[in-house]
$ cat target.csv   # CSV, C-alpha atoms
chain,number,residue,atom,x,y,z
A,1,MET,CA,0.0,0.0,0.0
A,2,SER,CA,1.3,3.4,-0.9
A,3,TYR,CA,0.8,5.8,2.0
A,4,LYS,CA,-0.4,9.4,1.6
A,5,TYR,CA,-0.7,10.3,5.3
A,6,LEU,CA,1.9,8.1,7.0
A,7,PHE,CA,5.6,8.8,6.8
A,8,GLY,CA,8.7,7.2,8.2
A,9,PRO,CA,9.3,5.6,10.5
A,10,VAL,CA,11.7,8.4,11.3
A,11,ASN,CA,14.7,8.1,13.6
A,12,SER,CA,13.7,11.0,15.8
A,13,ARG,CA,16.1,12.8,18.1
A,14,ARG,CA,13.5,12.9,20.8
A,15,LEU,CA,11.1,10.0,20.1
A,16,GLY,CA,13.3,7.2,18.9
A,17,ILE,CA,11.6,5.2,16.1
A,18,SER,CA,8.6,7.2,15.2
A,19,LEU,CA,5.9,6.6,12.7
A,20,GLY,CA,4.5,9.9,11.5
A,21,VAL,CA,0.8,10.6,10.9
A,22,ASP,CA,0.1,13.7,8.8
A,23,MET,CA,-3.2,15.2,9.9
A,24,VAL,CA,-3.6,18.2,7.5
A,25,PRO,CA,-2.7,19.1,3.9
A,26,PHE,CA,0.7,20.7,3.3
A,27,LYS,CA,1.1,23.5,4.6
A,28,THR,CA,-1.9,24.2,6.8
A,29,CYS,CA,-1.0,25.8,10.1
A,30,SER,CA,-2.0,28.5,12.6
A,31,LEU,CA,1.5,30.0,12.4
A,32,ASP,CA,4.0,30.8,9.7
A,33,CYS,CA,7.2,30.4,11.7
A,34,VAL,CA,10.4,31.9,10.3
A,35,TYR,CA,12.4,28.7,11.2
A,36,CYS,CA,9.9,26.1,9.9
A,37,GLU,CA,11.6,23.3,8.0
A,38,CYS,CA,8.4,22.7,6.0
A,39,GLY,CA,8.6,26.2,4.4
A,40,ASN,CA,6.0,29.0,4.3
A,41,THR,CA,2.5,28.4,5.5
A,42,THR,CA,0.2,28.3,2.4
A,43,GLU,CA,-3.1,28.1,4.4
A,44,LEU,CA,-3.0,30.1,7.7
A,45,ALA,CA,-5.9,28.6,9.6
A,46,CYS,CA,-7.4,28.4,13.1
A,47,ASP,CA,-10.7,26.7,12.2
A,48,LEU,CA,-11.1,23.0,13.2
A,49,LYS,CA,-12.4,20.6,10.6
A,50,GLU,CA,-11.7,17.1,9.3
A,51,TYR,CA,-8.9,18.1,6.9
A,52,VAL,CA,-8.0,14.4,6.4
A,53,SER,CA,-10.9,12.0,7.1
A,54,PHE,CA,-10.9,9.5,9.9
A,55,ASP,CA,-11.6,6.7,7.5
A,56,ASP,CA,-8.6,7.6,5.3
A,57,LEU,CA,-6.3,7.7,8.3
A,58,ARG,CA,-7.7,4.5,9.8
A,59,LYS,CA,-7.2,2.5,6.6
A,60,GLU,CA,-3.5,3.5,6.3
A,61,LEU,CA,-2.8,2.9,10.0
A,62,ASP,CA,-4.5,-0.5,9.9
A,63,ASP,CA,-2.4,-1.5,6.9
A,64,TYR,CA,0.8,-0.5,8.6
A,65,LEU,CA,0.3,-1.3,12.2
A,66,SER,CA,-1.3,-4.7,11.5
A,67,LYS,CA,2.2,-5.9,10.5
A,68,HIS,CA,3.5,-5.2,14.0
A,69,PRO,CA,6.4,-3.0,13.1
A,70,LYS,CA,9.0,-2.0,15.7
A,71,LEU,CA,8.1,1.5,16.9
A,72,ASP,CA,8.6,3.7,19.9
A,73,TYR,CA,5.8,6.1,19.1
A,74,VAL,CA,3.0,6.7,16.6
A,75,THR,CA,3.4,10.4,16.3
A,76,PHE,CA,0.8,12.8,15.1
A,77,ALA,CA,2.7,15.6,13.3
A,78,GLY,CA,3.8,16.3,9.8
A,79,SER,CA,3.5,19.2,7.4
A,80,GLY,CA,1.1,21.4,9.4
A,81,GLU,CA,-0.6,21.8,12.7
A,82,PRO,CA,-2.3,18.5,13.7
A,83,THR,CA,-4.7,19.9,16.3
A,84,LEU,CA,-6.5,21.6,13.5
A,85,ASN,CA,-8.0,18.3,12.5
A,86,SER,CA,-11.2,17.7,14.4
A,87,CYS,CA,-10.8,13.9,14.2
A,88,LEU,CA,-7.5,13.9,16.1
A,89,GLY,CA,-8.9,12.6,19.3
A,90,LYS,CA,-11.0,10.0,17.5
A,91,ILE,CA,-8.0,8.6,15.5
A,92,GLU,CA,-5.7,8.6,18.6
A,93,TYR,CA,-8.3,6.7,20.5
A,94,TYR,CA,-8.6,4.2,17.6
A,95,VAL,CA,-4.8,3.6,17.7
A,96,LYS,CA,-4.9,3.2,21.5
A,97,THR,CA,-7.8,0.8,21.4
A,98,ASN,CA,-6.8,-1.4,18.5
A,99,TYR,CA,-3.0,-1.2,18.8
A,100,PRO,CA,-2.4,-0.9,22.6
A,101,ASP,CA,1.3,-1.8,22.3
A,102,TYR,CA,2.1,1.5,20.8
A,103,LYS,CA,2.5,4.8,22.6
A,104,THR,CA,1.1,7.9,21.0
A,105,ALA,CA,2.8,11.3,20.7
A,106,LEU,CA,1.6,14.7,19.5
A,107,LEU,CA,3.9,17.4,18.1
A,108,THR,CA,2.1,20.7,18.1
A,109,ASN,CA,2.8,24.4,18.0
A,110,GLY,CA,0.6,24.7,21.1
A,111,THR,CA,-1.5,27.6,19.9
A,112,LEU,CA,-5.0,26.1,20.1
A,113,PHE,CA,-5.3,24.6,23.6
A,114,PHE,CA,-7.6,27.5,24.6
A,115,ILE,CA,-10.3,25.7,22.5
A,116,PRO,CA,-12.2,23.1,24.6
A,117,GLU,CA,-12.4,20.6,21.6
A,118,VAL,CA,-8.6,20.7,21.1
A,119,ARG,CA,-8.0,20.0,24.8
A,120,LYS,CA,-10.4,17.1,24.7
A,121,ASN,CA,-8.8,15.7,21.6
A,122,ALA,CA,-5.3,15.8,23.1
A,123,MET,CA,-6.1,14.6,26.6
A,124,HIS,CA,-5.2,10.9,26.2
A,125,PHE,CA,-1.9,11.1,24.4
A,126,ASP,CA,1.1,9.5,26.1
A,127,LEU,CA,3.3,12.4,25.2
A,128,ILE,CA,2.7,15.9,23.9
A,129,CYS,CA,5.4,18.3,22.7
A,130,PRO,CA,4.1,21.8,22.3
A,131,SER,CA,6.1,24.8,21.3
A,132,LEU,CA,6.5,28.1,23.2
A,133,ASP,CA,9.0,30.4,21.5
A,134,ALA,CA,8.1,33.8,22.8
A,135,VAL,CA,5.9,35.6,25.4
A,136,SER,CA,6.1,39.2,24.4
A,137,ASP,CA,3.8,40.2,21.5
A,138,GLU,CA,6.8,41.7,19.6
A,139,ALA,CA,8.9,38.5,19.7
A,140,PHE,CA,5.9,36.3,19.0
A,141,VAL,CA,4.9,38.2,15.8
A,142,LYS,CA,8.5,38.2,14.6
A,143,ILE,CA,9.2,34.5,15.1
A,144,ASN,CA,5.9,32.8,14.7
A,145,ARG,CA,4.0,35.2,12.4
A,146,PRO,CA,0.5,34.0,13.7
A,147,SER,CA,-2.9,34.1,12.2
A,148,HIS,CA,-4.6,37.4,12.9
A,149,ASN,CA,-7.2,35.4,15.0
A,150,LEU,CA,-4.6,34.5,17.6
A,151,ASP,CA,-3.6,36.3,20.8
A,152,ASN,CA,-0.5,35.2,22.6
A,153,LYS,CA,-1.8,35.7,26.1
A,154,THR,CA,-4.8,33.5,25.2
A,155,ILE,CA,-2.5,30.9,23.7
A,156,ILE,CA,-0.3,30.7,26.8
A,157,ASP,CA,-3.2,30.7,29.2
A,158,GLY,CA,-4.7,27.8,27.2
A,159,LEU,CA,-1.5,25.8,27.2
A,160,THR,CA,-1.1,26.4,31.0
A,161,ASN,CA,-4.6,25.3,31.8
A,162,PHE,CA,-4.2,22.2,29.7
A,163,ALA,CA,-0.9,21.3,31.3
A,164,HIS,CA,-2.5,21.3,34.7
A,165,GLU,CA,-5.2,18.8,33.4
A,166,PHE,CA,-3.0,16.6,31.3
A,167,LYS,CA,-1.8,13.3,32.9
A,168,GLY,CA,0.8,12.3,30.3
A,169,GLN,CA,4.3,13.6,29.6
A,170,LEU,CA,4.6,17.2,28.5
A,171,TRP,CA,7.8,18.4,26.9
A,172,VAL,CA,7.8,22.1,25.9
A,173,GLU,CA,10.1,23.0,23.0
A,174,VAL,CA,11.6,26.5,22.8
A,175,PHE,CA,13.2,27.5,19.5
A,176,ILE,CA,16.0,30.0,20.0
A,177,VAL,CA,16.2,32.7,17.3
A,178,PRO,CA,19.3,34.8,18.0
A,179,GLY,CA,18.6,38.5,18.3
A,180,ILE,CA,14.9,38.0,19.0
A,181,ASN,CA,14.1,35.7,21.9
A,182,ASP,CA,17.5,35.3,23.5
A,183,SER,CA,17.7,38.6,25.6
A,184,ILE,CA,17.5,38.6,29.3
A,185,SER,CA,14.1,40.3,29.2
A,186,GLU,CA,12.6,37.8,26.8
A,187,LEU,CA,14.0,34.8,28.6
A,188,GLY,CA,12.8,36.2,31.9
A,189,LEU,CA,9.2,36.3,30.5
A,190,LEU,CA,9.6,32.9,29.1
A,191,LYS,CA,10.9,31.4,32.3
A,192,GLU,CA,8.0,32.9,34.2
A,193,LYS,CA,5.4,31.2,32.0
A,194,LEU,CA,7.3,27.9,31.9
A,195,LEU,CA,7.3,27.7,35.7
A,196,LEU,CA,3.6,28.1,35.6
A,197,ILE,CA,3.2,25.4,32.9
A,198,ASN,CA,5.6,23.1,34.9
A,199,PRO,CA,6.4,20.7,32.0
A,200,ASP,CA,8.3,17.4,32.5
A,201,ARG,CA,11.0,18.7,30.2
A,202,VAL,CA,12.0,22.0,28.5
A,203,GLN,CA,13.8,21.3,25.2
A,204,ILE,CA,15.9,24.0,23.7
A,205,ASN,CA,16.0,23.8,19.9
A,206,SER,CA,17.7,25.8,17.2
A,207,LEU,CA,18.3,25.8,13.5
A,208,ASP,CA,20.0,22.7,12.2
A,209,ARG,CA,18.4,22.4,8.7
A,210,PRO,CA,17.1,24.9,6.2
A,211,GLY,CA,14.2,27.0,7.6
A,212,THR,CA,11.7,29.3,6.0
A,213,CYS,CA,13.7,32.6,6.3
A,214,ASP,CA,17.4,32.6,5.5
A,215,TRP,CA,18.1,35.4,8.0
A,216,VAL,CA,17.5,33.0,10.9
A,217,THR,CA,21.0,32.1,12.2
A,218,VAL,CA,22.5,29.2,14.1
A,219,PRO,CA,23.1,30.1,17.8
A,220,SER,CA,26.5,29.3,19.3
A,221,HIS,CA,26.9,26.5,21.8
A,222,GLU,CA,27.8,29.1,24.4
A,223,LEU,CA,24.5,30.9,23.8
A,224,LEU,CA,22.5,27.7,24.2
A,225,ASP,CA,24.3,26.8,27.4
A,226,LYS,CA,23.5,30.3,28.8
A,227,VAL,CA,19.9,29.9,27.9
A,228,LYS,CA,19.8,26.5,29.7
A,229,SER,CA,21.5,27.9,32.8
A,230,PHE,CA,19.1,30.9,32.8
A,231,LEU,CA,16.0,28.7,32.8
A,232,ALA,CA,17.2,26.5,35.7
A,233,PRO,CA,15.8,25.0,37.9
A,234,LEU,CA,13.4,24.0,35.1
A,235,PRO,CA,14.3,20.5,33.7
A,236,VAL,CA,16.1,21.9,30.6
A,237,GLU,CA,17.9,19.9,27.8
A,238,ILE,CA,19.5,21.1,24.6
A,239,ILE,CA,18.4,19.1,21.6
A,240,SER,CA,21.4,18.2,19.5
A,241,ARG,CA,21.9,16.4,16.2
A,242,SER,CA,23.1,12.9,16.7
A,243,ARG,CA,23.8,9.9,14.6
A,244,SER,CA,20.8,7.7,13.9
A,245,ASN,CA,20.8,4.0,14.3
A,246,PRO,CA,19.8,2.2,11.1
A,247,ILE,CA,16.2,1.1,10.6
A,248,THR,CA,16.1,-2.2,8.7
A,249,GLU,CA,12.4,-2.0,7.7
A,250,SER,CA,11.5,0.2,4.8
A,251,THR,CA,7.9,1.5,4.6
A,252,ALA,CA,7.7,1.6,0.8
A,253,ALA,CA,9.0,-0.8,-1.8
A,254,ASP,CA,9.9,2.1,-4.1
A,255,ILE,CA,13.0,4.0,-2.8
A,256,GLU,CA,12.2,7.1,-4.9
A,257,GLU,CA,8.7,7.4,-3.5
A,258,THR,CA,10.1,7.0,0.0
A,259,VAL,CA,12.8,9.7,-0.4
A,260,VAL,CA,10.3,12.2,-1.9
A,261,SER,CA,7.8,11.4,0.9
A,262,LEU,CA,10.3,12.1,3.6
A,263,ILE,CA,12.0,15.3,2.2
A,264,ARG,CA,8.6,16.7,1.3
A,265,ARG,CA,8.0,17.0,5.0
A,266,ARG,CA,11.4,18.1,6.1
A,267,PRO,CA,14.8,18.7,4.6
A,268,SER,CA,17.1,15.7,5.3
A,269,THR,CA,20.7,14.7,4.9
A,270,ILE,CA,21.8,11.7,2.9
A,271,GLU,CA,22.7,9.9,6.1
A,272,GLU,CA,19.2,10.5,7.6
A,273,LEU,CA,17.5,9.2,4.5
A,274,SER,CA,19.7,6.1,4.5
A,275,ALA,CA,18.9,5.4,8.2
A,276,ILE,CA,15.2,6.0,7.8
A,277,SER,CA,14.7,4.0,4.6
A,278,GLY,CA,17.1,1.2,5.5
A,279,ARG,CA,18.8,1.7,2.1
A,280,THR,CA,22.6,2.1,1.6
A,281,ILE,CA,24.3,5.4,1.1
A,282,ASP,CA,25.0,4.5,-2.5
A,283,GLU,CA,21.4,3.7,-3.2
A,284,ILE,CA,20.2,6.9,-1.6
A,285,SER,CA,22.9,8.9,-3.5
A,286,SER,CA,21.8,7.5,-6.9
A,287,THR,CA,18.2,8.3,-6.1
A,288,LEU,CA,19.0,11.8,-5.0
A,289,ASN,CA,21.0,12.4,-8.2
A,290,LEU,CA,18.1,11.1,-10.3
A,291,LEU,CA,15.6,13.4,-8.5
A,292,THR,CA,17.9,16.4,-8.7
A,293,ASN,CA,18.3,15.8,-12.5
A,294,LYS,CA,14.5,15.7,-12.8
A,295,GLY,CA,14.3,19.1,-11.0
A,296,MET,CA,12.2,17.6,-8.2
A,297,ILE,CA,14.7,18.3,-5.3
A,298,GLU,CA,17.6,20.6,-4.6
A,299,LYS,CA,20.5,20.9,-2.1
A,300,ASN,CA,20.9,23.5,0.6
A,301,SER,CA,23.6,24.0,3.2
A,302,VAL,CA,23.1,24.9,6.9
A,303,ASN,CA,26.1,25.1,9.2
A,304,LYS,CA,28.2,23.2,6.5
A,305,ILE,CA,25.7,20.3,6.5
A,306,ILE,CA,24.1,19.4,3.1
A,307,PHE,CA,20.3,18.9,3.2
A,308,TYR,CA,18.1,17.8,0.4
A,309,GLN,CA,14.7,19.4,0.0
A,310,ILE,CA,11.8,19.7,-2.5
A,311,SER,CA,12.7,22.1,-5.2
A,312,GLN,CA,11.4,25.6,-4.7
A,313,LYS,CA,11.7,26.5,-8.4
$ encode --input "target.csv" --output "structure tokens"
Amino acid sequence: MSYKYLFGPVNSRRLGISLGVDMVPFKTCSLDCVYCECGNTTELACDLKEYVSFDDLRKELDDYLSKHPKLDYVTFAGSGEPTLNSCLGKIEYYVKTNYPDYKTALLTNGTLFFIPEVRKNAMHFDLICPSLDAVSDEAFVKINRPSHNLDNKTIIDGLTNFAHEFKGQLWVEVFIVPGINDSISELGLLKEKLLLINPDRVQINSLDRPGTCDWVTVPSHELLDKVKSFLAPLPVEIISRSRSNPITESTAADIEETVVSLIRRRPSTIEELSAISGRTIDEISSTLNLLTNKGMIEKNSVNKIIFYQISQK
């Protein structure tokens, strides 16, 4: 079966072997973040609806999970904001009920927890990783470029209230954009809100692959260490790029389809594509050359690391 909404499994830095479930069409989101690896938001949305149907998601999940693959998480994420899909809670419950051996995770920008339906849909995940990059309106607008329907105070209050109700693991991600949210004043506001949220982890992230705006820079290790120290005694960790362990199972017989599916959702290195697909470096290299010659993909460099991404031409 060729999958339209499932991708991976991906060797995630945070989640181990993670099967991705894409809940919305590319690129439907409530934010248009300057660092997003998926590129510019093409549909800036805050309205909940069944962007991808429950039945379509169920069919693909049944086909894949019935084979009992080795996974650490079934992760609802992808090329947009998954909480926008009104069937999120229903499909997560389906996985939990029919495939109880698998943990479920939700990667979200955290903007919609002020909506009761979103809180209900998310309540039974094993792990939720929301983002919180800025507290001041100025920094929020510069980094996250939100839908005009969103107010940052309402967003943070919604996330805080949800955190106090949620029984699973909550890991809040903070993306550092040098020159915008790394000042003492901004970090002070952020720390104040994080202490109220009281997450199980605070994960400091930064640019390590091509983002939407080329002016976003890579922070130094010294800066990230200072941010970590400033946010103490919160349980802070810095997310760093690490070598992936090879995955022997490939989710698609056709390597070209697999590679395109993966890099459509995020720019990837040749090593990552090899690890995720279970193919050799030589096989991946040949496929990348073929796709480049077809004009389907292109190379980009961040911090001297070569990434492959869908062609913007």
$ closest_atom_pairs --input "target.csv" --of "stretch 13-41 of chain A" --to "stretch 294-310 of chain A" --cutoff "12 Å" --atoms "only C-alpha atoms" --output "Markdown table"
| residue | atom | partner | partner_atom | distance |
| --- | --- | --- | --- | --- |
| A:Glu37 | CA | A:Gln309 | CA | 9.4 |
| A:Cys38 | CA | A:Gln309 | CA | 9.3 |
| A:Gly39 | CA | A:Ile310 | CA | 10.0 |
$ residues_near_point --input "target.csv" --point "(-1.8, 23.9, 28.1)" --cutoff "12 Å" --atoms "only C-alpha atoms" --output "MDAnalysis selection string"
chainID A and resid 108:116 118:120 122:123 128:132 153:167 170:172 193:194 196:199
$ closest_residue --input "target.csv" --among "A:Ser2, A:Asn289, A:Ser12, A:Ser79" --to "A:Arg265" --atoms "only C-alpha atoms"
A:Ser79
$ atom_distance --input "target.csv" --atom1 "atom CA of A:Lys4" --atom2 "atom CA of A:Pro82"
15.3 Å
$ atom_distance --input "target.csv" --atom1 "atom CA of A:Ala105" --atom2 "atom CA of A:Phe230"
28.2 Å
$ closest_residue --input "target.csv" --among "A:Cys213, A:Tyr3, A:Asn11, A:Ile184" --to "A:Ser268" --atoms "all atoms listed in the file"
A:Asn11
$ atom_distance --input "target.csv" --atom1 "atom CA of A:Cys33" --atom2 "atom CA of A:Lys142"
8.4 Å
$ residues_around --input "target.csv" --residues "stretch 22-27 of chain A" --least-positions-apart "5" --cutoff "6 Å" --atoms "all atoms listed in the file" --output "list in words"
Tyr5, Thr41, Thr42, Tyr51, Val52, Ala77, Gly78, Ser79, Gly80 and Pro82 of chain A
$ residues_around --input "target.csv" --residues "stretch 63-71 of chain A" --least-positions-apart "6" --cutoff "8 Å" --atoms "only C-alpha atoms" --output "ChimeraX atom specification"
/A:1,9,16-19,99,102
$ write_last_selection --input "target.csv" --atoms "C-alpha atoms" --output "PDB file, in the coordinates of the input"
ATOM      1  CA  MET A   1       0.000   0.000   0.000  1.00  0.00           C
ATOM      2  CA  PRO A   9       9.300   5.600  10.500  1.00  0.00           C
ATOM      3  CA  GLY A  16      13.300   7.200  18.900  1.00  0.00           C
ATOM      4  CA  ILE A  17      11.600   5.200  16.100  1.00  0.00           C
ATOM      5  CA  SER A  18       8.600   7.200  15.200  1.00  0.00           C
ATOM      6  CA  LEU A  19       5.900   6.600  12.700  1.00  0.00           C
ATOM      7  CA  TYR A  99      -3.000  -1.200  18.800  1.00  0.00           C
ATOM      8  CA  TYR A 102       2.100   1.500  20.800  1.00  0.00           C
TER       9      TYR A 102
END
$ residues_around --input "target.csv" --residues "A:Ser206" --least-positions-apart "2" --cutoff "12 Å" --atoms "all atoms listed in the file" --output "ChimeraX atom specification"
/A:34-37,133,173-178,181-182,203-204,208-211,216-221,223-224,227,238-241,302-303
$ residues_around --input "target.csv" --residues "A:Ser286" --least-positions-apart "6" --cutoff "12 Å" --atoms "only C-alpha atoms" --output "list of chain:residue names"
A:Ile255, A:Glu256, A:Val259, A:Ile270, A:Ser274, A:Arg279, A:Thr280, A:Thr292, A:Asn293
$ residues_around --input "target.csv" --residues "stretch 83-92 of chain A" --least-positions-apart "6" --cutoff "6 Å" --atoms "all atoms listed in the file" --output "NGL selection string"
:A and (48-51 or 121)
$ closest_residue --input "target.csv" --among "A:Ser229, A:Glu43, A:Ser261, A:Leu127" --to "A:Leu6" --atoms "all atoms listed in the file"
A:Ser261
$ closest_residue --input "target.csv" --among "A:Leu61, A:Leu107, A:Leu31, A:Ile180" --to "A:Arg14" --atoms "only C-alpha atoms"
A:Leu107
$ closest_residue --input "target.csv" --among "A:His124, A:Asp72, A:Phe140, A:Asp56" --to "A:Lys96" --atoms "all atoms listed in the file"
A:His124
$ closest_residue --input "target.csv" --among "A:Asn152, A:Asn144, A:Ser30, A:Ser136" --to "A:Leu189" --atoms "all atoms listed in the file"
A:Ser136
